[in-house]
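Novice: Attaching a single structure in structure tokens format; questions to follow.
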Amino acid sequence: MARMKFLCDAERCIECNGCVTACKQEHEVPWGVNRRRVVTLNDGLPGEKSISVACMHCSDAPCMAVCPVDCFYKTSEGVVLHDKDLCIGCGYCFYACPFGAPQFPQDGAFGLRGKMDKCTFCAGGPEADNSAAEFKKYGRNRLAEGKLPACAEMCSTKALLGGDGDVVADIYRNRVLKRGKGAEVWGWGTAYGKPEKGAAPPAGAKS
Amino acid sequence: MKRFLIAGVAAGLVLGLAGCGEQSQVTVYKQGQYQGKPDKQPWDNAQFKNDRAAWDNAIKARSSGQDEYPRVAGK
């Protein structure tokens with residue numbers, strides 16, 4: 001049984017926000033709601049690192065535990081989804097989530113909170129697959145089309161991986177073992193040419 | 001007087017019948033159990049025709065396609 005997971009490789013993420021844009025476009029997410037966002041540590045300093053963050057579809061999801069109306073459910077693929085018809089917009093899930101995944105659209109005057117919205121792993125919700133009602137409430141259901149989340153598939157550097165946890169972990173493990181560093185970095189020779197045999201390395205070259 | 005009596009009885013009947021059709025609007029929540037609508041499986045649709053293996057293969061192919069190492073010749 002597949003267990004759907006996201007994995008973001010901080011060595012590869014270039015903070016392009018392509019994943020954020022892909023998500024917004026795919027699901028027509030309203031202003032003020034960010035199902036996915038890129039977080040950068042030590043922004044502007046040498047060695048800054050970025051990762052793309054959204055709902056991590058926790059195995060033991062705290063949002064499910066605290067919801068007073070029990071509107072969350074977990075699919076057989078391990079995707080955490082919720083029923084917006086039941087959600088009362090209390091915000092408990094937002095406080096419980098360690099990733100800040102639950103989002104609340106402004107609904108009406110005085111900043112009234114609407115029903116919770118979050119990443120669905122592009123799996124829609126409890127409406128008929130790819131129906132107008134499902135798209136309006138939860139966005140597109142790519143999983144029912146045999147596709148992975150738009151953010152992961154759009155990632156230009158493949159920093160963000162999505163899919164079956166075992167497959168994603170294998171890809172990442174293989175990558176870490178092979179990628180090297182400096183001039184040994186995988187793809188360096190293809191991009192910048194291999195050094196001529198016997199030639200001294202240019203001054204200031206990477207190790 | 002008789003007219004008022006008939007009107008009163010008719011109004012009472014209408015109100016009584018309306019009461020019969022009233023549904024409870026108070027939801028009773030059970031702690032710890034999903035209370036919403038049931039969701040279908042992602043392979044239960046016209047594209048995959050309830051064939052879970054076909055869906056699994058489609059997802060596996062997409063997942064594996066994220067790895068660029070095997071795509072490079074000689075790797």
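Within each chain, counting starts at residue 1; across the structure tokens, chains are named A, B, ... in the order shown, with ligands numbered 1 upward in that order.
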Could you work out which residues of chain B fall inside 6 Å of chain A? Count only C-alpha atoms, and format the result as a ChimeraX atom specification.

Specialist: /B:34-39,42,55,58-59,63,67

Novice: List every residue of region 18-165 of chain A that DSSP, applied to the backbone of this structure, assigns to strand (DSSP E or B), and report them as a PyMOL selection string.

Specialist: chain A and resi 37-41+49-53+72-74+80-82+103+106+113+117+123+141+160-164

Novice: What is the distance between CA of Gln66 (chain B) and CA of Ala54 (chain B), in Å to one decimal?

Specialist: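 Straight-line distance from CA of Gln66 (chain B) to CA of Ala54 (chain B) works out to 19.1 Å.
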
Novice: If you measure from CA of Val53 (chain A) to CA of Phe6 (chain A), what distance in Å do you get, rounded to one decimal?

Specialist: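 These two atoms are separated by 9.0 Å.
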
Novice: Looking only at alpha helix (DSSP H) from DSSP on the backbone, list the matching residues of chain B as a PyMOL selection string.

Specialist: chain B and resi 2-20+52-64

Novice: Could you pull the residues within 6 Å of region 100-105 of chain A, counting only C-alpha atoms, minus those fewer than 2 positions along the same chain, as a list in words?

Specialist: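 Everything that qualifies: Val33, Ala54, Cys55, Phe94, Cys97, Pro98, Arg113, Gly114, Met116, Asp117 and Lys118 of chain A.
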
Novice: One decimal, Å: what's the distance from CA of Gly32 (chain A) over to CA of Gln106 (chain A), could you say?

Specialist: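 Between CA of Gly32 (chain A) and CA of Gln106 (chain A) the gap is 7.8 Å.
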